[in-house]
$ cat start33.txt   # compact mmCIF, C-alpha atoms and all ligand atoms
# COMPACT_ATOMS: atom_id res chain seq x y z
CA MET A 1 0.00 0.00 0.00
CA SER A 2 0.80 3.39 -0.53
CA SER A 3 7.34 8.15 -0.50
CA ARG A 4 5.77 5.80 -2.79
CA CYS A 5 6.59 3.44 -0.04
CA MET A 6 4.94 5.78 2.18
CA SER A 7 2.80 7.01 -0.62
CA LEU A 8 1.84 3.66 -1.97
CA CYS A 9 0.76 2.11 1.22
CA ALA A 10 -0.44 5.28 2.81
CA SER A 11 -2.45 6.16 -0.24
CA ALA A 12 -3.75 2.68 -0.65
CA ALA A 13 -6.94 3.94 0.89
CA ALA A 14 -7.28 1.12 3.29
CA LEU A 15 -10.64 0.44 4.79
CA CYS A 16 -9.75 -0.17 8.33
CA MET A 17 -11.51 -1.20 11.47
CA SER A 18 -10.00 0.24 14.59
CA LEU A 19 -9.74 -1.49 17.88
CA ALA A 20 -9.38 1.38 20.26
CA VAL A 21 -7.90 0.95 23.66
CA HIS A 22 -9.61 3.70 25.55
CA GLY A 23 -9.46 4.16 29.26
CA GLY A 24 -9.55 1.18 31.53
CA PRO A 25 -6.57 -0.90 32.42
CA ALA A 26 -3.48 -1.08 30.29
CA VAL A 27 -3.71 -3.47 27.41
CA SER A 28 -2.75 -6.94 28.32
CA THR A 29 -0.08 -7.94 25.88
CA SER A 30 1.62 -11.27 25.97
CA ALA A 31 5.00 -11.37 27.62
CA ALA A 32 7.79 -9.95 25.54
CA ALA A 33 9.61 -12.45 23.43
CA PRO A 34 12.83 -13.84 24.89
CA ASP A 35 15.95 -11.82 24.14
CA ALA A 36 17.26 -14.44 21.74
CA VAL A 37 14.05 -14.32 19.72
CA ARG A 38 14.10 -10.55 19.65
CA ALA A 39 17.72 -10.56 18.58
CA GLN A 40 16.98 -12.99 15.81
CA ALA A 41 14.05 -10.89 14.57
CA ARG A 42 16.26 -7.81 14.62
CA GLU A 43 19.01 -9.62 12.71
CA ILE A 44 16.58 -10.78 10.01
CA PHE A 45 15.07 -7.31 9.80
CA ALA A 46 18.46 -5.65 9.40
CA HIS A 47 19.56 -8.15 6.79
CA ILE A 48 16.57 -7.78 4.52
CA VAL A 49 16.44 -3.98 4.87
CA GLY A 50 20.05 -4.12 3.66
CA ILE A 51 19.00 -5.68 0.36
CA GLU A 52 17.97 -3.11 -2.23
CA SER A 53 14.91 -4.97 -3.44
CA SER A 54 13.30 -2.24 -5.53
CA ILE A 55 12.21 -2.66 -9.12
CA GLY A 56 14.97 -3.09 -11.67
CA LYS A 57 17.55 -4.31 -9.17
CA ALA A 58 16.60 -7.99 -9.45
CA ASN A 59 17.36 -8.40 -5.75
CA VAL A 60 14.05 -9.74 -4.45
CA PRO A 61 15.26 -13.32 -5.01
CA LEU A 62 18.13 -12.53 -2.61
CA VAL A 63 15.60 -11.67 0.07
CA ALA A 64 13.68 -14.85 -0.70
CA GLN A 65 16.82 -16.98 -0.62
CA TYR A 66 18.00 -15.49 2.64
CA LEU A 67 14.63 -16.07 4.31
CA ALA A 68 14.36 -19.55 2.81
CA GLU A 69 17.72 -20.42 4.36
CA ARG A 70 16.53 -19.15 7.72
CA PHE A 71 13.44 -21.34 7.51
CA LYS A 72 15.53 -24.32 6.50
CA ALA A 73 17.93 -23.74 9.37
CA GLY A 74 14.92 -23.44 11.66
CA GLY A 75 13.73 -26.91 10.86
CA PHE A 76 11.25 -26.37 8.05
CA PRO A 77 11.58 -29.14 5.47
CA GLY A 78 12.92 -28.08 2.10
CA ALA A 79 9.79 -29.49 0.46
CA ASP A 80 7.69 -26.90 2.31
CA ILE A 81 9.82 -23.93 1.25
CA HIS A 82 9.25 -22.60 -2.25
CA ILE A 83 11.03 -19.80 -4.03
CA LEU A 84 8.94 -19.04 -7.09
CA PRO A 85 10.81 -16.89 -9.62
CA LEU A 86 8.90 -14.57 -11.91
CA GLY A 87 10.93 -12.35 -14.19
CA GLU A 88 13.46 -10.44 -12.12
CA THR A 89 11.56 -11.02 -8.92
CA ALA A 90 10.19 -13.96 -6.93
CA SER A 91 7.71 -15.05 -4.28
CA LEU A 92 8.42 -17.09 -1.20
CA VAL A 93 5.95 -19.59 0.17
CA VAL A 94 6.56 -21.53 3.36
CA ARG A 95 4.16 -24.02 4.87
CA TYR A 96 4.08 -24.68 8.59
CA ARG A 97 2.27 -28.00 8.74
CA GLY A 98 -0.42 -28.45 11.35
CA ASN A 99 -2.30 -31.52 12.49
CA GLY A 100 -5.26 -30.67 10.27
CA LYS A 101 -7.85 -30.71 13.06
CA GLY A 102 -8.58 -27.03 12.65
CA GLY A 103 -9.56 -27.04 9.01
CA ARG A 104 -8.13 -25.27 6.01
CA PRO A 105 -4.93 -23.24 6.20
CA ILE A 106 -4.45 -19.62 7.14
CA ALA A 107 -2.15 -17.56 4.93
CA PHE A 108 0.04 -14.73 6.21
CA MET A 109 1.00 -12.17 3.60
CA ALA A 110 3.70 -9.58 3.18
CA HIS A 111 5.95 -8.46 0.34
CA MET A 112 9.70 -8.46 -0.07
CA ASP A 113 10.11 -5.62 -2.55
CA VAL A 114 10.34 -1.95 -1.67
CA VAL A 115 9.77 1.32 -3.45
CA THR A 116 12.84 2.76 -5.11
CA ALA A 117 14.92 4.96 -2.81
CA VAL A 118 17.50 7.37 -4.17
CA ARG A 119 20.37 7.53 -1.71
CA SER A 120 20.98 11.22 -2.31
CA ASP A 121 17.40 11.97 -1.24
CA TRP A 122 17.92 10.38 2.15
CA LYS A 123 19.54 11.72 5.28
CA ARG A 124 20.56 8.18 6.21
CA ASP A 125 21.50 5.22 4.07
CA PRO A 126 18.12 3.80 3.01
CA TYR A 127 19.57 0.33 2.76
CA ARG A 128 21.00 0.13 6.25
CA LEU A 129 18.77 -0.41 9.25
CA THR A 130 19.25 2.54 11.58
CA GLU A 131 17.64 2.94 14.99
CA GLU A 132 17.42 6.38 16.52
CA ASP A 133 15.36 7.46 19.53
CA GLY A 134 13.24 4.35 19.35
CA PHE A 135 12.47 4.66 15.64
CA PHE A 136 13.74 2.56 12.77
CA PHE A 137 14.91 4.24 9.59
CA GLY A 138 15.54 2.56 6.26
CA ARG A 139 13.61 1.69 3.12
CA GLY A 140 11.04 -0.95 3.95
CA THR A 141 11.14 -0.48 7.72
CA SER A 142 7.44 0.35 7.65
CA ASP A 143 6.48 -1.04 4.25
CA VAL A 144 6.83 -3.85 4.85
CA LYS A 145 10.04 -5.65 5.68
CA GLN A 146 9.27 -5.30 9.36
CA GLU A 147 6.31 -7.57 8.81
CA ALA A 148 8.28 -10.08 6.75
CA ALA A 149 10.90 -10.18 9.49
CA LEU A 150 8.32 -10.53 12.27
CA LEU A 151 6.43 -13.30 10.50
CA THR A 152 9.65 -15.15 9.78
CA ALA A 153 10.91 -14.78 13.33
CA THR A 154 7.53 -15.83 14.74
CA PHE A 155 7.36 -18.94 12.58
CA LEU A 156 10.91 -19.83 13.61
CA ARG A 157 10.10 -19.26 17.26
CA LEU A 158 6.96 -21.40 17.15
CA LYS A 159 8.82 -24.15 15.36
CA ALA A 160 11.66 -24.05 17.87
CA GLU A 161 9.16 -24.26 20.73
CA GLY A 162 7.54 -27.32 19.19
CA PHE A 163 4.23 -25.61 18.52
CA MET A 164 1.84 -27.72 16.45
CA PRO A 165 -0.87 -25.65 14.77
CA THR A 166 -4.26 -27.22 14.27
CA ARG A 167 -4.13 -26.25 10.63
CA ASP A 168 -1.41 -25.40 8.16
CA LEU A 169 -0.03 -21.88 8.37
CA ILE A 170 1.28 -20.47 5.12
CA ILE A 171 3.67 -17.64 4.60
CA ALA A 172 3.11 -15.99 1.23
CA PHE A 173 5.59 -13.22 0.51
CA SER A 174 5.17 -11.60 -2.87
CA GLY A 175 7.89 -9.85 -4.82
CA ASP A 176 6.45 -6.86 -6.67
CA GLU A 177 3.65 -5.46 -4.55
CA GLU A 178 4.86 -1.92 -5.10
CA THR A 179 4.76 -2.17 -8.87
CA ALA A 180 3.08 -4.71 -11.16
CA GLN A 181 1.83 -7.11 -8.46
CA ALA A 182 2.35 -9.95 -10.90
CA THR A 183 3.72 -12.26 -8.23
CA ALA A 184 0.46 -12.07 -6.26
CA ARG A 185 -1.46 -13.05 -9.39
CA ASP A 186 1.07 -15.80 -10.02
CA LEU A 187 0.57 -17.14 -6.51
CA VAL A 188 -3.19 -17.42 -6.77
CA THR A 189 -3.18 -18.81 -10.29
CA THR A 190 -0.08 -20.85 -11.13
CA HIS A 191 0.70 -21.79 -7.53
CA ARG A 192 -2.76 -21.89 -6.06
CA ASP A 193 -2.13 -25.29 -4.50
CA LEU A 194 0.68 -23.81 -2.40
CA VAL A 195 -1.23 -20.84 -1.04
CA ASP A 196 -4.85 -21.91 -0.98
CA ALA A 197 -6.24 -20.98 2.44
CA GLU A 198 -9.48 -20.41 4.26
CA PHE A 199 -8.47 -16.79 4.74
CA ALA A 200 -5.39 -14.62 4.61
CA LEU A 201 -4.01 -12.04 7.02
CA ASN A 202 -2.13 -9.21 5.36
CA GLY A 203 0.60 -7.61 7.43
CA ASP A 204 0.70 -4.71 5.01
CA GLY A 205 -2.61 -3.30 6.23
CA GLY A 206 -3.88 -1.81 9.44
CA GLY A 207 -1.23 -0.85 11.95
CA GLY A 208 -1.14 0.49 15.47
CA VAL A 209 -0.56 3.76 17.22
CA LEU A 210 1.35 4.17 20.45
CA SER A 211 0.99 7.23 22.62
CA GLU A 212 3.90 9.61 22.38
CA GLY A 213 6.15 9.43 25.37
CA THR A 214 4.62 6.51 27.22
CA ALA A 215 4.35 4.21 24.19
CA LYS A 216 1.03 2.99 25.53
CA PRO A 217 -0.94 1.20 22.80
CA LEU A 218 -3.81 3.44 21.78
CA ILE A 219 -5.37 1.79 18.80
CA PHE A 220 -4.87 -1.03 16.35
CA TYR A 221 -6.30 -0.72 12.88
CA VAL A 222 -7.42 -3.95 11.28
CA GLN A 223 -7.78 -3.67 7.56
CA GLY A 224 -10.98 -5.11 6.20
CA ALA A 225 -10.44 -4.45 2.52
CA GLU A 226 -8.24 -2.43 0.27
CA LYS A 227 -9.27 -0.16 -2.53
CA SER A 228 -7.30 -0.77 -5.65
CA SER A 229 -5.81 1.97 -7.76
CA ALA A 230 -6.51 3.16 -11.26
CA GLN A 231 -4.04 5.15 -13.28
CA PHE A 232 -4.82 7.41 -16.19
CA LEU A 233 -2.60 8.84 -18.85
CA LEU A 234 -3.62 12.33 -19.92
CA THR A 235 -2.73 13.44 -23.43
CA THR A 236 -3.72 16.74 -24.99
CA ARG A 237 -3.39 17.64 -28.62
CA ASN A 238 -3.49 21.07 -30.19
CA PRO A 239 -2.57 22.47 -33.60
CA GLY A 240 0.29 24.37 -31.99
CA GLY A 241 2.21 26.94 -33.97
CA HIS A 242 5.43 28.87 -34.13
CA SER A 243 6.49 30.28 -30.79
CA SER A 244 7.00 33.73 -32.30
CA GLN A 245 3.27 33.71 -33.09
CA PRO A 246 1.82 32.09 -29.98
CA ARG A 247 -1.80 31.02 -29.84
CA PRO A 248 -3.86 31.71 -26.74
CA ASP A 249 -4.28 27.97 -26.36
CA ASN A 250 -1.80 25.14 -26.64
CA ALA A 251 -1.43 21.53 -25.55
CA ILE A 252 0.43 22.46 -22.39
CA TYR A 253 -2.22 24.89 -21.19
CA GLU A 254 -4.96 22.39 -22.00
CA LEU A 255 -3.17 19.72 -20.04
CA ALA A 256 -2.72 22.16 -17.16
CA ASP A 257 -6.47 22.89 -17.20
CA ALA A 258 -7.19 19.16 -17.10
CA LEU A 259 -4.83 18.67 -14.18
CA LYS A 260 -6.43 21.51 -12.26
CA ALA A 261 -9.85 20.01 -12.93
CA VAL A 262 -8.67 16.72 -11.48
CA GLN A 263 -7.31 18.58 -8.45
CA ARG A 264 -10.68 20.22 -7.88
CA TYR A 265 -12.64 17.01 -8.24
CA GLN A 266 -14.11 15.72 -5.01
CA PHE A 267 -14.93 12.05 -4.87
CA PRO A 268 -18.30 11.24 -3.31
CA VAL A 269 -18.42 10.27 0.33
CA LYS A 270 -19.22 6.61 0.87
CA TRP A 271 -19.37 4.47 3.95
CA ASN A 272 -20.43 1.14 5.35
CA GLU A 273 -20.62 -0.42 8.81
CA TRP A 274 -16.90 -0.97 8.75
CA THR A 275 -16.19 2.69 8.03
CA LEU A 276 -18.46 3.89 10.82
CA GLY A 277 -17.06 1.45 13.39
CA ASP A 278 -13.55 2.37 12.39
CA LEU A 279 -14.04 6.10 12.72
CA LYS A 280 -16.00 5.80 15.95
CA ALA A 281 -13.17 3.86 17.55
CA ALA A 282 -10.52 6.13 16.08
CA SER A 283 -12.35 9.20 17.40
CA LEU A 284 -11.78 7.99 20.95
CA VAL A 285 -8.02 8.34 20.66
CA THR A 286 -7.70 11.14 18.11
CA LYS A 287 -7.42 14.65 19.46
CA GLY A 288 -8.57 17.93 18.01
CA PRO A 289 -10.82 18.73 15.07
CA LEU A 290 -10.00 15.45 13.33
CA GLY A 291 -11.15 13.34 16.28
CA GLU A 292 -14.28 15.45 16.67
CA ALA A 293 -15.06 15.08 12.97
CA MET A 294 -14.61 11.32 13.21
CA ALA A 295 -17.14 11.14 16.02
CA ARG A 296 -19.61 13.34 14.14
CA PHE A 297 -19.23 11.32 10.96
CA ALA A 298 -19.66 8.02 12.82
CA ALA A 299 -22.89 9.33 14.33
CA ASP A 300 -24.11 10.89 11.09
CA PRO A 301 -22.30 9.89 7.90
CA GLY A 302 -24.37 12.44 6.01
CA ASN A 303 -22.46 15.20 7.78
CA ALA A 304 -20.58 16.73 4.86
CA ALA A 305 -18.53 19.08 7.04
CA ALA A 306 -17.27 16.16 9.12
CA ALA A 307 -16.35 14.23 5.98
CA ALA A 308 -14.50 17.25 4.63
CA GLU A 309 -12.55 17.60 7.87
CA ILE A 310 -11.56 13.92 7.85
CA THR A 311 -10.44 13.92 4.24
CA LYS A 312 -8.15 16.89 4.88
CA THR A 313 -5.83 14.49 6.66
CA PRO A 314 -3.94 12.36 4.12
CA ALA A 315 -3.80 9.34 6.44
CA PHE A 316 -7.60 9.26 6.56
CA VAL A 317 -8.61 10.56 3.16
CA GLY A 318 -9.40 7.08 1.93
CA ARG A 319 -11.73 6.17 4.77
CA PRO A 320 -14.92 7.95 3.73
CA SER A 321 -14.04 8.47 0.09
CA THR A 322 -11.70 7.65 -2.71
CA ALA A 323 -8.37 9.40 -2.76
CA GLY A 324 -7.10 10.89 -5.99
CA SER A 325 -3.55 12.00 -6.50
CA PHE A 326 -0.88 12.49 -9.11
CA ARG A 327 1.93 10.07 -8.62
CA ALA A 328 3.98 11.03 -11.63
CA PRO A 329 4.14 13.83 -14.11
CA ALA A 330 1.57 13.20 -16.80
CA PRO A 331 3.12 12.99 -20.22
CA ARG A 332 1.97 15.50 -22.75
CA THR A 333 2.25 15.97 -26.42
CA CYS A 334 2.73 19.17 -28.32
CA ARG A 335 2.22 18.86 -32.02
CA ARG A 336 5.14 21.08 -32.94
CA HIS A 337 8.42 21.76 -31.30
CA CYS A 338 8.38 25.26 -29.85
CA ARG A 339 11.21 27.58 -29.03
CA SER A 340 11.09 30.91 -27.39
CA TRP A 341 12.41 33.87 -29.25
ZN ZN B 1 3.43 -2.42 1.24

$ encode --input "start33.txt" --output "C-alpha cells"
Amino acid sequence: MSSRCMSLCASAAALCMSLAVHGGPAVSTSAAAPDAVRAQAREIFAHIVGIESSIGKANVPLVAQYLAERFKAGGFPGADIHILPLGETASLVVRYRGNGKGGRPIAFMAHMDVVTAVRSDWKRDPYRLTEEDGFFFGRGTSDVKQEAALLTATFLRLKAEGFMPTRDLIIAFSGDEETAQATARDLVTTHRDLVDAEFALNGDGGGGVLSEGTAKPLIFYVQGAEKSSAQFLLTTRNPGGHSSQPRPDNAIYELADALKAVQRYQFPVKWNEWTLGDLKAASLVTKGPLGEAMARFAADPGNAAAAAEITKTPAFVGRPSTAGSFRAPAPRTCRRHCRSW
C-alpha cells in the first residue's frame, strides 16, 4: 500500500476497522519475546532492509533466498519452502504444517520488494537499518520488511518451541507489490495449490498507534479491505504553432487545465458499517478537530462538514471516500516543437 513506499501504502486507501484501547486498564499484551528471539528478529530485519529490493535491481530473489535459508535452518523441510521466480523477482511460500484438526490453512502475507529509494534523497543510508530514539529508519522499515521479518521470526520461534498448529499456516511473501503485483497473481493462479487458504491475514494493512512518550498502545487498525488503484494517462493535442506567433491555447495549457480540474474534483463520500465502526473507535483516541469530525461522521455519515474535515488528513482521506492524486508527471504531447524567441 501506498514516499511511494509511504505514498503507496499510505495512499492505498485502506478500509480499516479500529480497535481502540480507551481508558480502563493497560492493554494486556503477551509477555515480551525472549531476548534471543528478539535478537533474531532484529538480525533478520536488518539483513533484509540491507537488500535493495526495488524494481529493476533484481534483488528480491536474494531476500527470498536469505529467508528460505533461515526457515531451512529453523527446521522447516525443504519441500515446504518454495522460491517461485517470476521475471526479475520472486515469491516465497513456506508451509508450517499443522495436524489438520482445525480445518483449512491460514495464509500470512507480506511483500519483499520496496519502493525505489534514491540515496541522495535520504539523510541516512536507506539500505542500512538505523535505529534512533526508538524509531527505525531505512527503506522498507514500515512497508513492509518489518512484517516479513516478524512473521519469519515468529514462525521460527513457534517451530523451535515445538508448537503444532491445528491447521497449516502459510507464509506468502510476494515480490512486486509496489509495482506490477504480478507475483500475487502468479501465486493465486499458477501456484494456487501452495497458497490456498481459508483466509489470509495481510501484514501490510492496518497498523497500530502508540501514545507519544509513554508508548502505551492506543489503537490497532485492522484492515478489512483495500481499494485498488486506477491510473490514467492524460494526453492533450493542439494544432500548436510557431512560438514567435503564440496562440492563446496550446497543448500544455490544456493539459494544465485538465490537471487543475482533477485537483478540484471531489470524490463522493461513501461508507459502510466498517467505516463507521472504524471512525468511531478512532475518534476515541484522536485529538482535536479530526477526532471530533470522526465522532460526528460516525454518528451521522451524512455530515458533509465532518467528511471534509476527515479527508483533509492524508492518512484518513481514503476512509470515507476515494483518494485521488498524481503520482507522476503526466506525459503530454505538443504537435510542434516550440522555441522561445
Ligand atoms: Zn506495502

$ closest_residue --input "start33.txt" --among "A:Phe173, A:Phe71, A:Trp122, A:Tyr96" --to "ligand ZN 1 (chain B)" --atoms "all atoms listed in the file"
A:Phe173

$ atom_distance --input "start33.txt" --atom1 "CA of Ala148 in chain A" --atom2 "CA of Ile106 in chain A"
15.9 Å

$ residues_around --input "start33.txt" --residues "Thr311 in chain A" --least-positions-apart "6" --cutoff "9 Å" --atoms "only C-alpha atoms" --output "VMD selection string"
chain A and resid 317 to 321 323

$ write_last_selection --input "start33.txt" --atoms "C-alpha atoms" --output "mmCIF file, keeping the file's coordinate frame"
data_model
loop_
_atom_site.group_PDB
_atom_site.id
_atom_site.type_symbol
_atom_site.label_atom_id
_atom_site.label_comp_id
_atom_site.auth_asym_id
_atom_site.auth_seq_id
_atom_site.Cartn_x
_atom_site.Cartn_y
_atom_site.Cartn_z
ATOM 1 C CA VAL A 317 -8.610 10.560 3.160
ATOM 2 C CA GLY A 318 -9.400 7.080 1.930
ATOM 3 C CA ARG A 319 -11.730 6.170 4.770
ATOM 4 C CA PRO A 320 -14.920 7.950 3.730
ATOM 5 C CA SER A 321 -14.040 8.470 0.090
ATOM 6 C CA ALA A 323 -8.370 9.400 -2.760
#

$ closest_residue --input "start33.txt" --among "A:Gly288, A:Pro217, A:Gly302, A:Gly203" --to "ligand ZN 1 (chain B)" --atoms "only C-alpha atoms and all ligand atoms"
A:Gly203

$ residues_around --input "start33.txt" --residues "Leu276 in chain A" --least-positions-apart "6" --cutoff "12 Å" --atoms "all atoms listed in the file" --output "compact mmCIF listing (two decimals) with C-alpha atoms, keeping the file's coordinate frame"
# COMPACT_ATOMS: atom_id res chain seq x y z
CA LEU A 15 -10.64 0.44 4.79
CA CYS A 16 -9.75 -0.17 8.33
CA MET A 17 -11.51 -1.20 11.47
CA SER A 18 -10.00 0.24 14.59
CA LYS A 270 -19.22 6.61 0.87
CA ALA A 282 -10.52 6.13 16.08
CA SER A 283 -12.35 9.20 17.40
CA ALA A 293 -15.06 15.08 12.97
CA MET A 294 -14.61 11.32 13.21
CA ALA A 295 -17.14 11.14 16.02
CA ARG A 296 -19.61 13.34 14.14
CA PHE A 297 -19.23 11.32 10.96
CA ALA A 298 -19.66 8.02 12.82
CA ALA A 299 -22.89 9.33 14.33
CA ASP A 300 -24.11 10.89 11.09
CA PRO A 301 -22.30 9.89 7.90
CA GLY A 302 -24.37 12.44 6.01
CA ALA A 307 -16.35 14.23 5.98
CA ARG A 319 -11.73 6.17 4.77
CA PRO A 320 -14.92 7.95 3.73

$ closest_residue --input "start33.txt" --among "A:Lys216, A:His191, A:Arg95, A:Arg157" --to "Arg38 in chain A" --atoms "all atoms listed in the file"
A:Arg157

$ closest_residue --input "start33.txt" --among "A:Val285, A:Ile44, A:Ala304, A:Leu169" --to "Tyr66 in chain A" --atoms "only C-alpha atoms"
A:Ile44

$ residues_around --input "start33.txt" --residues "range 91-93 of chain A" --least-positions-apart "5" --cutoff "7 Å" --atoms "only C-alpha atoms" --output "list in words"
Ala64, Ile81, His82, Ile83, Leu84, Pro85, Ile170, Ile171, Ala172, Phe173, Ser174, Gly175 and Thr183 of chain A

$ atom_distance --input "start33.txt" --atom1 "CA of Gly102 in chain A" --atom2 "CA of Ala197 in chain A"
12.1 Å

$ decode --input "start33.txt" --residues "range 47-75 of chain A" --atoms "N, CA and C atoms" --output "CSV table (one decimal), in the first residue's frame"
chain,number,residue,atom,x,y,z
A,47,HIS,N,19.0,-7.5,8.0
A,47,HIS,CA,19.6,-8.2,6.8
A,47,HIS,C,18.7,-7.8,5.6
A,48,ILE,N,17.4,-8.0,5.7
A,48,ILE,CA,16.6,-7.8,4.5
A,48,ILE,C,16.4,-6.3,4.2
A,49,VAL,N,16.4,-5.4,5.2
A,49,VAL,CA,16.4,-4.0,4.9
A,49,VAL,C,17.7,-3.6,4.1
A,50,GLY,N,18.8,-4.4,4.3
A,50,GLY,CA,20.1,-4.1,3.7
A,50,GLY,C,20.1,-4.6,2.2
A,51,ILE,N,19.0,-5.2,1.8
A,51,ILE,CA,19.0,-5.7,0.4
A,51,ILE,C,18.1,-4.7,-0.4
A,52,GLU,N,18.7,-4.1,-1.4
A,52,GLU,CA,18.0,-3.1,-2.2
A,52,GLU,C,17.0,-3.8,-3.2
A,53,SER,N,15.8,-4.1,-2.7
A,53,SER,CA,14.9,-5.0,-3.4
A,53,SER,C,13.8,-4.2,-4.2
A,54,SER,N,14.2,-3.0,-4.8
A,54,SER,CA,13.3,-2.2,-5.5
A,54,SER,C,13.3,-2.7,-7.0
A,55,ILE,N,12.4,-2.2,-7.7
A,55,ILE,CA,12.2,-2.7,-9.1
A,55,ILE,C,13.5,-2.4,-9.9
A,56,GLY,N,13.8,-3.3,-10.8
A,56,GLY,CA,15.0,-3.1,-11.7
A,56,GLY,C,16.3,-3.6,-11.1
A,57,LYS,N,16.3,-3.9,-9.8
A,57,LYS,CA,17.6,-4.3,-9.2
A,57,LYS,C,17.7,-5.8,-9.2
A,58,ALA,N,16.6,-6.5,-9.4
A,58,ALA,CA,16.6,-8.0,-9.5
A,58,ALA,C,17.1,-8.6,-8.1
A,59,ASN,N,16.8,-7.9,-7.0
A,59,ASN,CA,17.4,-8.4,-5.8
A,59,ASN,C,16.3,-9.1,-4.9
A,60,VAL,N,15.1,-9.1,-5.3
A,60,VAL,CA,14.1,-9.7,-4.5
A,60,VAL,C,14.4,-11.2,-4.2
A,61,PRO,N,14.9,-11.9,-5.3
A,61,PRO,CA,15.3,-13.3,-5.0
A,61,PRO,C,16.3,-13.5,-3.9
A,62,LEU,N,17.1,-12.4,-3.7
A,62,LEU,CA,18.1,-12.5,-2.6
A,62,LEU,C,17.4,-12.5,-1.3
A,63,VAL,N,16.4,-11.7,-1.2
A,63,VAL,CA,15.6,-11.7,0.1
A,63,VAL,C,15.0,-13.0,0.3
A,64,ALA,N,14.4,-13.5,-0.8
A,64,ALA,CA,13.7,-14.8,-0.7
A,64,ALA,C,14.7,-15.9,-0.3
A,65,GLN,N,15.8,-15.9,-0.9
A,65,GLN,CA,16.8,-17.0,-0.6
A,65,GLN,C,17.3,-16.9,0.8
A,66,TYR,N,17.5,-15.7,1.3
A,66,TYR,CA,18.0,-15.5,2.6
A,66,TYR,C,17.0,-16.0,3.6
A,67,LEU,N,15.7,-15.6,3.4
A,67,LEU,CA,14.6,-16.1,4.3
A,67,LEU,C,14.4,-17.6,4.2
A,68,ALA,N,14.5,-18.1,3.0
A,68,ALA,CA,14.4,-19.6,2.8
A,68,ALA,C,15.4,-20.3,3.6
A,69,GLU,N,16.6,-19.8,3.6
A,69,GLU,CA,17.7,-20.4,4.4
A,69,GLU,C,17.4,-20.4,5.9
A,70,ARG,N,16.9,-19.3,6.3
A,70,ARG,CA,16.5,-19.2,7.7
A,70,ARG,C,15.5,-20.2,8.1
A,71,PHE,N,14.5,-20.3,7.2
A,71,PHE,CA,13.4,-21.3,7.5
A,71,PHE,C,14.0,-22.7,7.5
A,72,LYS,N,14.9,-23.0,6.6
A,72,LYS,CA,15.5,-24.3,6.5
A,72,LYS,C,16.3,-24.6,7.8
A,73,ALA,N,17.1,-23.6,8.2
A,73,ALA,CA,17.9,-23.7,9.4
A,73,ALA,C,17.0,-23.9,10.6
A,74,GLY,N,15.8,-23.4,10.5
A,74,GLY,CA,14.9,-23.4,11.7
A,74,GLY,C,14.1,-24.7,11.7
A,75,GLY,N,14.4,-25.6,10.8
A,75,GLY,CA,13.7,-26.9,10.9
A,75,GLY,C,12.6,-27.1,9.9
